[in-house]
Amino acid sequence: ERKMQLQDMINLNKPQELGEPVAYYHPGVMGYQPDTACKMADAKHSLAELSACWETLQGQVDDKQTRLERTLHLQQLYQEAMGNLSAWLDAVEQRLFATPTDKDTEEHLRNNEALLEEMQSLQAEIALMNRASQQLMSEASVDSKNLIRQTVNDLNERLRTLEIQAREREQDLIQRDRSWKDYQDEVRSLQLKLSQARQQFASLADSDLPLDQQESECQRLESEIREYERQLTELTQQGEMMLSHDPKVALPVELSTLQSHWMTLQHEVAERRAALERAQGIQSQYEKMLEEYAEFLETAQAKLRLDRLSATDLPHLKEQLQSHKDFFSDLESHRTLLENLTSTVDRATRQRYLASHTRLNNLTHIIQDKASLRGQKL
(Lines give C-alpha, C1' and ligand atoms only; values in the text may rest on other atoms or scores of the structure.)
Protein backbone atom coordinates (compact mmCIF):
# COMPACT_ATOMS: atom_id res chain seq x y z
CA GLU A 1 0.00 0.00 0.00
CA ARG A 2 2.76 2.47 0.90
CA LYS A 3 4.64 1.55 -2.27
CA MET A 4 1.54 2.26 -4.37
CA GLN A 5 0.98 5.57 -2.56
CA LEU A 6 4.57 6.52 -3.32
CA GLN A 7 4.08 5.80 -7.02
CA ASP A 8 0.91 7.91 -7.03
CA MET A 9 2.84 10.75 -5.42
CA ILE A 10 5.58 10.47 -8.06
CA ASN A 11 3.02 10.58 -10.88
CA LEU A 12 1.37 13.61 -9.27
CA ASN A 13 4.66 15.50 -9.23
CA LYS A 14 5.72 14.75 -12.79
CA PRO A 15 6.02 17.91 -14.95
CA GLN A 16 3.14 18.27 -17.37
CA GLU A 17 5.13 19.95 -20.15
CA LEU A 18 8.65 19.69 -21.41
CA GLY A 19 10.85 22.12 -19.51
CA GLU A 20 8.31 22.70 -16.72
CA PRO A 21 9.98 22.35 -13.33
CA VAL A 22 8.78 19.73 -10.89
CA ALA A 23 6.39 21.29 -8.37
CA TYR A 24 7.03 19.18 -5.29
CA TYR A 25 3.87 18.74 -3.28
CA HIS A 26 2.89 17.14 -0.04
CA PRO A 27 -0.82 16.86 0.78
CA GLY A 28 -0.70 18.61 4.11
CA VAL A 29 0.22 21.96 5.55
CA MET A 30 2.27 23.90 3.00
CA GLY A 31 5.80 24.34 4.22
CA TYR A 32 5.62 21.35 6.62
CA GLN A 33 8.79 19.24 6.63
CA PRO A 34 8.98 16.31 9.06
CA ASP A 35 12.16 15.73 11.03
CA THR A 36 13.57 12.45 9.73
CA ALA A 37 16.48 12.42 12.18
CA CYS A 38 14.41 10.96 15.05
CA LYS A 39 12.84 8.37 12.76
CA MET A 40 16.27 7.40 11.47
CA ALA A 41 17.60 7.07 15.03
CA ASP A 42 14.69 4.75 15.92
CA ALA A 43 15.31 2.67 12.80
CA LYS A 44 19.03 2.39 13.52
CA HIS A 45 18.34 1.40 17.13
CA SER A 46 15.91 -1.32 16.03
CA LEU A 47 18.36 -2.59 13.42
CA ALA A 48 21.15 -2.69 16.00
CA GLU A 49 19.00 -4.82 18.34
CA LEU A 50 17.97 -7.03 15.44
CA SER A 51 21.61 -7.49 14.46
CA ALA A 52 22.58 -8.50 18.01
CA CYS A 53 19.73 -11.00 18.21
CA TRP A 54 20.58 -12.43 14.81
CA GLU A 55 24.24 -12.86 15.83
CA THR A 56 23.09 -14.72 18.95
CA LEU A 57 21.02 -17.11 16.87
CA GLN A 58 24.03 -17.98 14.77
CA GLY A 59 25.52 -19.78 17.79
CA GLN A 60 24.79 -23.41 18.52
CA VAL A 61 21.79 -23.79 20.87
CA ASP A 62 20.80 -27.34 21.83
CA ASP A 63 17.79 -26.38 23.95
CA LYS A 64 14.80 -26.16 21.58
CA GLN A 65 12.81 -24.01 23.99
CA THR A 66 15.63 -21.46 24.24
CA ARG A 67 16.04 -21.39 20.48
CA LEU A 68 12.30 -20.97 20.02
CA GLU A 69 12.26 -18.08 22.46
CA ARG A 70 15.18 -16.44 20.68
CA THR A 71 13.49 -16.94 17.34
CA LEU A 72 10.30 -15.36 18.63
CA HIS A 73 12.35 -12.49 20.02
CA LEU A 74 14.02 -12.11 16.61
CA GLN A 75 10.59 -12.02 15.02
CA GLN A 76 9.44 -9.32 17.40
CA LEU A 77 12.57 -7.25 16.77
CA TYR A 78 12.18 -7.84 13.05
CA GLN A 79 8.62 -6.52 13.11
CA GLU A 80 9.68 -3.55 15.21
CA ALA A 81 12.59 -2.77 12.88
CA MET A 82 10.30 -3.12 9.87
CA GLY A 83 7.82 -0.71 11.45
CA ASN A 84 10.52 1.83 12.31
CA LEU A 85 12.06 1.58 8.85
CA SER A 86 8.64 2.08 7.28
CA ALA A 87 8.00 5.09 9.53
CA TRP A 88 11.39 6.54 8.56
CA LEU A 89 10.59 6.02 4.87
CA ASP A 90 7.24 7.76 5.44
CA ALA A 91 9.10 10.75 6.91
CA VAL A 92 11.61 10.69 4.04
CA GLU A 93 8.79 10.63 1.52
CA GLN A 94 7.01 13.55 3.18
CA ARG A 95 10.23 15.55 3.41
CA LEU A 96 11.16 14.77 -0.18
CA PHE A 97 7.85 15.95 -1.61
CA ALA A 98 7.31 18.90 0.73
CA THR A 99 7.82 22.45 -0.54
CA PRO A 100 8.53 24.87 2.32
CA THR A 101 7.78 28.38 1.08
CA ASP A 102 10.32 29.92 3.43
CA LYS A 103 13.32 28.27 1.75
CA ASP A 104 15.13 29.17 -1.45
CA THR A 105 16.66 26.81 -4.02
CA GLU A 106 20.03 26.60 -2.27
CA GLU A 107 18.34 25.64 1.02
CA HIS A 108 16.27 23.02 -0.79
CA LEU A 109 19.47 21.65 -2.31
CA ARG A 110 21.19 21.39 1.07
CA ASN A 111 18.15 19.63 2.55
CA ASN A 112 18.05 17.21 -0.36
CA GLU A 113 21.76 16.42 0.06
CA ALA A 114 21.20 15.74 3.76
CA LEU A 115 18.30 13.43 2.88
CA LEU A 116 20.47 11.47 0.46
CA GLU A 117 23.12 11.11 3.15
CA GLU A 118 20.48 9.66 5.50
CA MET A 119 19.45 7.14 2.87
CA GLN A 120 23.02 6.09 2.20
CA SER A 121 23.79 5.77 5.90
CA LEU A 122 21.00 3.19 6.32
CA GLN A 123 21.52 1.21 3.13
CA ALA A 124 24.20 -1.08 4.60
CA GLU A 125 22.18 -1.65 7.75
CA ILE A 126 19.03 -2.41 5.81
CA ALA A 127 20.92 -5.31 4.24
CA LEU A 128 20.61 -6.91 7.67
CA MET A 129 16.86 -7.16 7.07
CA ASN A 130 17.55 -9.59 4.25
CA ARG A 131 19.69 -11.81 6.50
CA ALA A 132 17.13 -11.69 9.32
CA SER A 133 14.32 -12.49 6.91
CA GLN A 134 16.19 -15.58 5.74
CA GLN A 135 16.43 -16.69 9.36
CA LEU A 136 12.71 -16.21 9.86
CA MET A 137 11.72 -17.89 6.60
CA SER A 138 13.68 -20.99 7.55
CA GLU A 139 11.23 -21.61 10.37
CA ALA A 140 8.04 -20.09 8.90
CA SER A 141 5.13 -21.53 6.94
CA VAL A 142 4.83 -21.17 3.18
CA ASP A 143 2.34 -18.29 3.45
CA SER A 144 4.50 -16.52 6.00
CA LYS A 145 7.59 -16.99 3.80
CA ASN A 146 5.84 -15.34 0.86
CA LEU A 147 4.64 -12.50 3.07
CA ILE A 148 8.12 -11.92 4.53
CA ARG A 149 9.72 -12.05 1.08
CA GLN A 150 7.17 -9.61 -0.37
CA THR A 151 7.56 -7.23 2.59
CA VAL A 152 11.35 -7.12 2.26
CA ASN A 153 11.15 -6.65 -1.50
CA ASP A 154 8.63 -3.83 -1.14
CA LEU A 155 10.80 -2.16 1.49
CA ASN A 156 13.93 -2.32 -0.68
CA GLU A 157 12.04 -1.20 -3.79
CA ARG A 158 10.51 1.70 -1.92
CA LEU A 159 13.92 2.81 -0.68
CA ARG A 160 15.39 2.59 -4.19
CA THR A 161 12.47 4.58 -5.60
CA LEU A 162 12.88 7.31 -3.02
CA GLU A 163 16.60 7.49 -3.68
CA ILE A 164 15.96 7.79 -7.43
CA GLN A 165 13.47 10.59 -6.78
CA ALA A 166 15.96 12.33 -4.48
CA ARG A 167 18.64 12.09 -7.20
CA GLU A 168 16.26 13.47 -9.80
CA ARG A 169 15.26 16.29 -7.49
CA GLU A 170 18.92 17.01 -6.82
CA GLN A 171 19.54 17.39 -10.57
CA ASP A 172 16.45 19.58 -10.89
CA LEU A 173 17.60 21.79 -8.00
CA ILE A 174 21.14 22.00 -9.39
CA GLN A 175 19.69 23.02 -12.75
CA ARG A 176 17.46 25.63 -11.08
CA ASP A 177 20.40 26.98 -9.12
CA ARG A 178 22.55 27.10 -12.26
CA SER A 179 19.75 28.77 -14.22
CA TRP A 180 19.29 31.33 -11.45
CA LYS A 181 22.99 32.18 -11.39
CA ASP A 182 23.09 32.34 -15.20
CA TYR A 183 20.10 34.67 -15.03
CA GLN A 184 21.88 36.94 -12.56
CA ASP A 185 24.94 36.99 -14.85
CA GLU A 186 22.75 37.91 -17.85
CA VAL A 187 21.16 40.76 -15.90
CA ARG A 188 24.58 42.11 -14.90
CA SER A 189 25.86 41.70 -18.47
CA LEU A 190 22.93 43.70 -19.88
CA GLN A 191 23.43 46.35 -17.21
CA LEU A 192 27.06 46.69 -18.34
CA LYS A 193 25.96 46.95 -22.00
CA LEU A 194 23.49 49.71 -21.17
CA SER A 195 26.14 51.61 -19.22
CA GLN A 196 28.55 51.33 -22.14
CA ALA A 197 25.84 52.48 -24.56
CA ARG A 198 25.20 55.55 -22.40
CA GLN A 199 28.92 56.34 -22.38
CA GLN A 200 29.10 55.95 -26.17
CA PHE A 201 26.16 58.30 -26.67
CA ALA A 202 27.73 60.80 -24.30
CA SER A 203 31.03 60.70 -26.21
CA LEU A 204 29.13 60.99 -29.50
CA ALA A 205 27.57 64.24 -28.31
CA ASP A 206 31.07 65.78 -27.96
CA SER A 207 32.48 64.11 -31.05
CA ASP A 208 34.41 65.94 -33.77
CA LEU A 209 33.41 63.32 -36.34
CA PRO A 210 31.60 64.50 -39.48
CA LEU A 211 27.83 64.36 -39.18
CA ASP A 212 27.49 61.51 -41.68
CA GLN A 213 29.82 59.39 -39.54
CA GLN A 214 27.98 60.46 -36.41
CA GLU A 215 24.74 59.42 -38.13
CA SER A 216 26.16 55.97 -38.94
CA GLU A 217 27.42 55.54 -35.39
CA CYS A 218 24.09 56.70 -33.98
CA GLN A 219 22.19 54.21 -36.15
CA ARG A 220 24.52 51.41 -35.03
CA LEU A 221 23.97 52.26 -31.38
CA GLU A 222 20.22 52.54 -31.88
CA SER A 223 20.20 49.09 -33.47
CA GLU A 224 22.13 47.68 -30.50
CA ILE A 225 19.76 49.38 -28.08
CA ARG A 226 16.74 47.81 -29.79
CA GLU A 227 18.40 44.44 -29.23
CA TYR A 228 19.01 45.39 -25.59
CA GLU A 229 15.32 46.26 -25.28
CA ARG A 230 14.43 42.78 -26.52
CA GLN A 231 16.85 41.23 -24.01
CA LEU A 232 15.40 43.35 -21.19
CA THR A 233 11.88 42.21 -22.04
CA GLU A 234 12.98 38.57 -22.07
CA LEU A 235 14.84 38.94 -18.77
CA THR A 236 11.81 40.57 -17.15
CA GLN A 237 9.52 37.78 -18.33
CA GLN A 238 12.05 35.13 -17.31
CA GLY A 239 12.36 36.69 -13.86
CA GLU A 240 8.59 36.68 -13.40
CA MET A 241 8.44 33.02 -14.44
CA MET A 242 11.25 32.05 -12.06
CA LEU A 243 9.54 33.98 -9.29
CA SER A 244 6.29 32.08 -9.88
CA HIS A 245 8.16 28.76 -9.64
CA ASP A 246 10.13 29.77 -6.56
CA PRO A 247 8.42 32.57 -4.57
CA LYS A 248 11.31 32.70 -2.10
CA VAL A 249 13.63 33.90 -4.87
CA ALA A 250 14.45 37.60 -4.74
CA LEU A 251 14.96 39.13 -8.17
CA PRO A 252 18.34 40.84 -8.59
CA VAL A 253 18.47 44.48 -7.57
CA GLU A 254 20.14 45.08 -10.93
CA LEU A 255 16.88 44.19 -12.71
CA SER A 256 15.01 47.19 -11.25
CA THR A 257 18.12 49.30 -11.88
CA LEU A 258 18.05 48.10 -15.49
CA GLN A 259 14.52 49.46 -15.92
CA SER A 260 15.64 52.85 -14.62
CA HIS A 261 18.79 52.88 -16.76
CA TRP A 262 16.74 51.87 -19.78
CA MET A 263 14.33 54.79 -19.37
CA THR A 264 17.27 57.18 -18.93
CA LEU A 265 19.00 55.76 -22.01
CA GLN A 266 15.81 56.09 -24.08
CA HIS A 267 15.60 59.74 -23.07
CA GLU A 268 19.27 60.32 -23.92
CA VAL A 269 18.90 58.57 -27.30
CA ALA A 270 15.88 60.73 -28.17
CA GLU A 271 17.80 63.88 -27.17
CA ARG A 272 20.86 62.85 -29.17
CA ARG A 273 18.75 61.99 -32.22
CA ALA A 274 17.02 65.38 -32.05
CA ALA A 275 20.36 67.19 -31.63
CA LEU A 276 21.84 65.30 -34.58
CA GLU A 277 18.87 66.14 -36.78
CA ARG A 278 19.18 69.82 -35.77
CA ALA A 279 22.89 69.75 -36.62
CA GLN A 280 22.14 68.12 -39.97
CA GLY A 281 19.53 70.80 -40.69
CA ILE A 282 22.00 73.60 -39.84
CA GLN A 283 24.68 71.91 -41.96
CA SER A 284 22.32 71.78 -44.93
CA GLN A 285 21.47 75.46 -44.50
CA TYR A 286 25.14 76.36 -44.17
CA GLU A 287 26.14 74.46 -47.31
CA LYS A 288 23.28 76.03 -49.26
CA MET A 289 24.17 79.52 -48.02
CA LEU A 290 27.84 79.04 -48.95
CA GLU A 291 26.76 78.04 -52.44
CA GLU A 292 24.34 80.97 -52.78
CA TYR A 293 26.88 83.42 -51.37
CA ALA A 294 29.51 82.23 -53.84
CA GLU A 295 27.02 82.79 -56.67
CA PHE A 296 26.20 86.24 -55.27
CA LEU A 297 29.89 87.19 -55.23
CA GLU A 298 30.28 85.97 -58.83
CA THR A 299 27.39 88.21 -59.85
CA ALA A 300 28.98 91.13 -57.95
CA GLN A 301 32.28 90.56 -59.72
CA ALA A 302 30.50 90.50 -63.07
CA LYS A 303 28.86 93.85 -62.30
CA LEU A 304 32.19 95.41 -61.28
CA ARG A 305 33.91 94.32 -64.49
CA LEU A 306 31.96 96.98 -66.38
CA ASP A 307 34.39 99.93 -66.09
CA ARG A 308 32.65 102.32 -68.55
CA LEU A 309 29.83 104.45 -67.17
CA SER A 310 26.91 105.17 -69.46
CA ALA A 311 23.83 107.27 -68.74
CA THR A 312 21.28 109.13 -70.86
CA ASP A 313 20.73 111.88 -68.31
CA LEU A 314 21.16 112.74 -64.64
CA PRO A 315 18.07 110.86 -63.39
CA HIS A 316 19.31 107.78 -65.20
CA LEU A 317 22.69 108.13 -63.48
CA LYS A 318 21.04 108.57 -60.08
CA GLU A 319 18.99 105.45 -60.75
CA GLN A 320 22.19 103.48 -61.45
CA LEU A 321 23.74 104.77 -58.23
CA GLN A 322 20.76 103.72 -56.13
CA SER A 323 20.71 100.29 -57.77
CA HIS A 324 24.41 99.92 -57.05
CA LYS A 325 23.94 100.85 -53.37
CA ASP A 326 20.97 98.46 -52.98
CA PHE A 327 22.82 95.50 -54.46
CA PHE A 328 26.04 95.89 -52.52
CA SER A 329 24.28 96.66 -49.24
CA ASP A 330 22.94 93.11 -49.50
CA LEU A 331 26.52 91.94 -49.65
CA GLU A 332 27.16 92.89 -46.04
CA SER A 333 23.86 91.43 -44.80
CA HIS A 334 24.62 88.16 -46.59
CA ARG A 335 28.09 88.02 -45.07
CA THR A 336 26.76 88.74 -41.57
CA LEU A 337 24.11 86.04 -41.91
CA LEU A 338 26.74 83.55 -43.06
CA GLU A 339 29.00 84.40 -40.10
CA ASN A 340 26.14 83.91 -37.66
CA LEU A 341 25.28 80.55 -39.20
CA THR A 342 28.93 79.50 -39.06
CA SER A 343 28.94 79.93 -35.27
CA THR A 344 26.08 77.41 -34.90
CA VAL A 345 27.34 74.73 -37.30
CA ASP A 346 29.12 71.67 -35.88
CA ARG A 347 32.90 71.68 -35.57
CA ALA A 348 33.53 69.04 -38.22
CA THR A 349 31.45 70.87 -40.85
CA ARG A 350 33.00 74.22 -39.92
CA GLN A 351 36.49 72.74 -40.28
CA ARG A 352 35.64 71.07 -43.60
CA TYR A 353 34.42 74.30 -45.17
CA LEU A 354 36.96 76.58 -43.48
CA ALA A 355 39.04 77.08 -46.63
CA SER A 356 35.99 77.92 -48.76
CA HIS A 357 34.60 80.22 -46.09
CA THR A 358 37.92 82.03 -45.72
CA ARG A 359 38.23 82.44 -49.49
CA LEU A 360 34.73 83.91 -49.72
CA ASN A 361 35.48 86.28 -46.83
CA ASN A 362 38.65 87.54 -48.53
CA LEU A 363 36.82 87.90 -51.82
CA THR A 364 34.09 89.85 -50.02
CA HIS A 365 36.63 92.44 -48.79
CA ILE A 366 38.05 92.84 -52.30
CA ILE A 367 34.61 93.26 -53.82
CA GLN A 368 33.60 95.73 -51.11
CA ASP A 369 36.66 97.88 -51.95
CA LYS A 370 35.89 97.78 -55.66
CA ALA A 371 32.21 98.50 -55.02
CA SER A 372 33.14 101.54 -52.96
CA LEU A 373 35.28 102.92 -55.81
CA ARG A 374 32.51 102.19 -58.28
CA GLY A 375 30.03 104.02 -56.10
CA GLN A 376 32.33 107.06 -55.89
CA LYS A 377 32.54 107.13 -59.69
CA LEU A 378 28.79 106.98 -59.99
# chains A, B, ... in the order shown; residues from 1 in each chain; ligands from 1
call {"tool": "residues_around", "arguments": {"residues": "stretch 180-194 of chain A", "least_positions_apart": "4", "cutoff": "7 Å", "atoms": "only C-alpha atoms", "output": "number ranges by chain"}}
result
A: 176, 198, 252, 254-255, 258
call {"tool": "residues_around", "arguments": {"residues": "A:His267", "least_positions_apart": "6", "cutoff": "12 Å", "atoms": "only C-alpha atoms", "output": "PDB file with N, CA, C and O atoms, in the first residue's frame"}}
result
ATOM      1  N   ARG A 198      25.352  54.175 -22.881  1.00  0.00           N
ATOM      2  CA  ARG A 198      25.196  55.552 -22.400  1.00  0.00           C
ATOM      3  C   ARG A 198      26.497  56.331 -22.557  1.00  0.00           C
ATOM      4  O   ARG A 198      26.496  57.502 -22.965  1.00  0.00           O
ATOM      5  N   PHE A 201      27.010  57.178 -26.242  1.00  0.00           N
ATOM      6  CA  PHE A 201      26.157  58.296 -26.673  1.00  0.00           C
ATOM      7  C   PHE A 201      26.679  59.620 -26.117  1.00  0.00           C
ATOM      8  O   PHE A 201      26.619  60.649 -26.784  1.00  0.00           O
ATOM      9  N   SER A 260      15.351  51.429 -14.770  1.00  0.00           N
ATOM     10  CA  SER A 260      15.636  52.855 -14.619  1.00  0.00           C
ATOM     11  C   SER A 260      16.665  53.320 -15.638  1.00  0.00           C
ATOM     12  O   SER A 260      16.499  54.363 -16.290  1.00  0.00           O
ATOM     13  N   HIS A 261      17.750  52.532 -15.786  1.00  0.00           N
ATOM     14  CA  HIS A 261      18.791  52.881 -16.764  1.00  0.00           C
ATOM     15  C   HIS A 261      18.228  52.888 -18.182  1.00  0.00           C
ATOM     16  O   HIS A 261      18.638  53.703 -19.015  1.00  0.00           O
ATOM     17  N   ARG A 273      19.303  62.054 -30.874  1.00  0.00           N
ATOM     18  CA  ARG A 273      18.751  61.988 -32.221  1.00  0.00           C
ATOM     19  C   ARG A 273      18.222  63.358 -32.638  1.00  0.00           C
ATOM     20  O   ARG A 273      18.459  63.814 -33.774  1.00  0.00           O
ATOM     21  N   ALA A 274      17.537  64.041 -31.743  1.00  0.00           N
ATOM     22  CA  ALA A 274      17.016  65.379 -32.052  1.00  0.00           C
ATOM     23  C   ALA A 274      18.161  66.362 -32.296  1.00  0.00           C
ATOM     24  O   ALA A 274      18.108  67.175 -33.229  1.00  0.00           O
TER      25      ALA A 274
END
call {"tool": "atom_distance", "arguments": {"atom1": "atom CA of A:Arg374", "atom2": "atom CA of A:Leu304"}}
result
7.4 Å
call {"tool": "residues_around", "arguments": {"residues": "A:Trp88", "least_positions_apart": "2", "cutoff": "6 Å", "atoms": "only C-alpha atoms", "output": "list in words"}}
result
Lys39, Met40, Leu85, Ser86, Asp90 and Ala91 of chain A
call {"tool": "residues_around", "arguments": {"residues": "A:Leu321", "least_positions_apart": "3", "cutoff": "6 Å", "atoms": "only C-alpha atoms", "output": "VMD selection string"}}
result
chain A and resid 318 324 378
call {"tool": "residues_around", "arguments": {"residues": "stretch 115-119 of chain A", "least_positions_apart": "2", "cutoff": "9 Å", "atoms": "only C-alpha atoms", "output": "PDB file with N, CA and C atoms, in the first residue's frame"}}
result
ATOM      1  N   THR A  36      13.277  13.876   9.955  1.00  0.00           N
ATOM      2  CA  THR A  36      13.574  12.455   9.726  1.00  0.00           C
ATOM      3  C   THR A  36      14.670  11.950  10.650  1.00  0.00           C
ATOM      4  N   ALA A  37      15.348  12.838  11.347  1.00  0.00           N
ATOM      5  CA  ALA A  37      16.478  12.421  12.178  1.00  0.00           C
ATOM      6  C   ALA A  37      16.024  11.483  13.291  1.00  0.00           C
ATOM      7  N   MET A  40      15.073   8.157  11.854  1.00  0.00           N
ATOM      8  CA  MET A  40      16.266   7.404  11.472  1.00  0.00           C
ATOM      9  C   MET A  40      16.947   6.819  12.701  1.00  0.00           C
ATOM     10  N   VAL A  92      10.774  10.315   5.194  1.00  0.00           N
ATOM     11  CA  VAL A  92      11.614  10.686   4.036  1.00  0.00           C
ATOM     12  C   VAL A  92      10.741  11.104   2.869  1.00  0.00           C
ATOM     13  N   ARG A  95       9.216  14.492   3.509  1.00  0.00           N
ATOM     14  CA  ARG A  95      10.229  15.549   3.408  1.00  0.00           C
ATOM     15  C   ARG A  95      10.669  15.756   1.970  1.00  0.00           C
ATOM     16  N   LEU A  96      10.716  14.674   1.205  1.00  0.00           N
ATOM     17  CA  LEU A  96      11.160  14.771  -0.181  1.00  0.00           C
ATOM     18  C   LEU A  96      10.166  15.550  -1.029  1.00  0.00           C
ATOM     19  N   ARG A 110      20.491  21.890  -0.126  1.00  0.00           N
ATOM     20  CA  ARG A 110      21.190  21.393   1.073  1.00  0.00           C
ATOM     21  C   ARG A 110      20.336  20.352   1.807  1.00  0.00           C
ATOM     22  N   ASN A 111      19.032  20.602   1.896  1.00  0.00           N
ATOM     23  CA  ASN A 111      18.152  19.631   2.554  1.00  0.00           C
ATOM     24  C   ASN A 111      18.113  18.318   1.788  1.00  0.00           C
ATOM     25  N   ASN A 112      18.088  18.415   0.462  1.00  0.00           N
ATOM     26  CA  ASN A 112      18.053  17.207  -0.357  1.00  0.00           C
ATOM     27  C   ASN A 112      19.341  16.408  -0.205  1.00  0.00           C
ATOM     28  N   GLU A 113      20.480  17.104  -0.140  1.00  0.00           N
ATOM     29  CA  GLU A 113      21.756  16.424   0.056  1.00  0.00           C
ATOM     30  C   GLU A 113      21.786  15.709   1.407  1.00  0.00           C
ATOM     31  N   SER A 121      23.301   6.251   4.611  1.00  0.00           N
ATOM     32  CA  SER A 121      23.791   5.771   5.903  1.00  0.00           C
ATOM     33  C   SER A 121      23.030   4.538   6.374  1.00  0.00           C
ATOM     34  N   LEU A 122      21.810   4.339   5.881  1.00  0.00           N
ATOM     35  CA  LEU A 122      21.001   3.191   6.316  1.00  0.00           C
ATOM     36  C   LEU A 122      21.040   2.022   5.340  1.00  0.00           C
ATOM     37  N   GLN A 123      21.571   2.257   4.147  1.00  0.00           N
ATOM     38  CA  GLN A 123      21.524   1.205   3.131  1.00  0.00           C
ATOM     39  C   GLN A 123      22.239  -0.064   3.596  1.00  0.00           C
ATOM     40  N   LEU A 159      12.710   2.041  -0.974  1.00  0.00           N
ATOM     41  CA  LEU A 159      13.917   2.814  -0.679  1.00  0.00           C
ATOM     42  C   LEU A 159      14.630   3.213  -1.967  1.00  0.00           C
ATOM     43  N   LEU A 162      12.676   6.017  -3.676  1.00  0.00           N
ATOM     44  CA  LEU A 162      12.877   7.311  -3.016  1.00  0.00           C
ATOM     45  C   LEU A 162      14.257   7.885  -3.329  1.00  0.00           C
ATOM     46  N   GLU A 163      15.250   7.004  -3.366  1.00  0.00           N
ATOM     47  CA  GLU A 163      16.596   7.491  -3.678  1.00  0.00           C
ATOM     48  C   GLU A 163      16.660   8.026  -5.108  1.00  0.00           C
ATOM     49  N   ALA A 166      15.076  11.336  -5.112  1.00  0.00           N
ATOM     50  CA  ALA A 166      15.959  12.328  -4.483  1.00  0.00           C
ATOM     51  C   ALA A 166      17.064  12.743  -5.446  1.00  0.00           C
ATOM     52  N   ARG A 167      17.597  11.776  -6.211  1.00  0.00           N
ATOM     53  CA  ARG A 167      18.639  12.093  -7.201  1.00  0.00           C
ATOM     54  C   ARG A 167      18.078  12.988  -8.296  1.00  0.00           C
TER      55      ARG A 167
END
call {"tool": "atom_distance", "arguments": {"atom1": "atom CA of A:His45", "atom2": "atom CA of A:Leu77"}}
result
10.4 Å
call {"tool": "residues_around", "arguments": {"residues": "A:Ser207", "least_positions_apart": "4", "cutoff": "12 Å", "atoms": "only C-alpha atoms", "output": "PyMOL selection string"}}
result
chain A and resi 200-203+211+213-215+217-218+272+276+346-349
call {"tool": "closest_residue", "arguments": {"among": "A:Asp208, A:Glu157, A:Asp63, A:Glu170", "to": "A:His108", "atoms": "only C-alpha atoms"}}
result
A:Glu170
call {"tool": "residues_around", "arguments": {"residues": "A:Asp326", "least_positions_apart": "6", "cutoff": "12 Å", "atoms": "only C-alpha atoms", "output": "ChimeraX atom specification"}}
result
/A:300,319-320,332-333,371,375
call {"tool": "closest_residue", "arguments": {"among": "A:Leu109, A:Asn84, A:Ser133, A:Leu243", "to": "A:Thr71", "atoms": "only C-alpha atoms"}}
result
A:Ser133
call {"tool": "atom_distance", "arguments": {"atom1": "atom CA of A:Leu50", "atom2": "atom CA of A:Met129"}}
result
8.4 Å
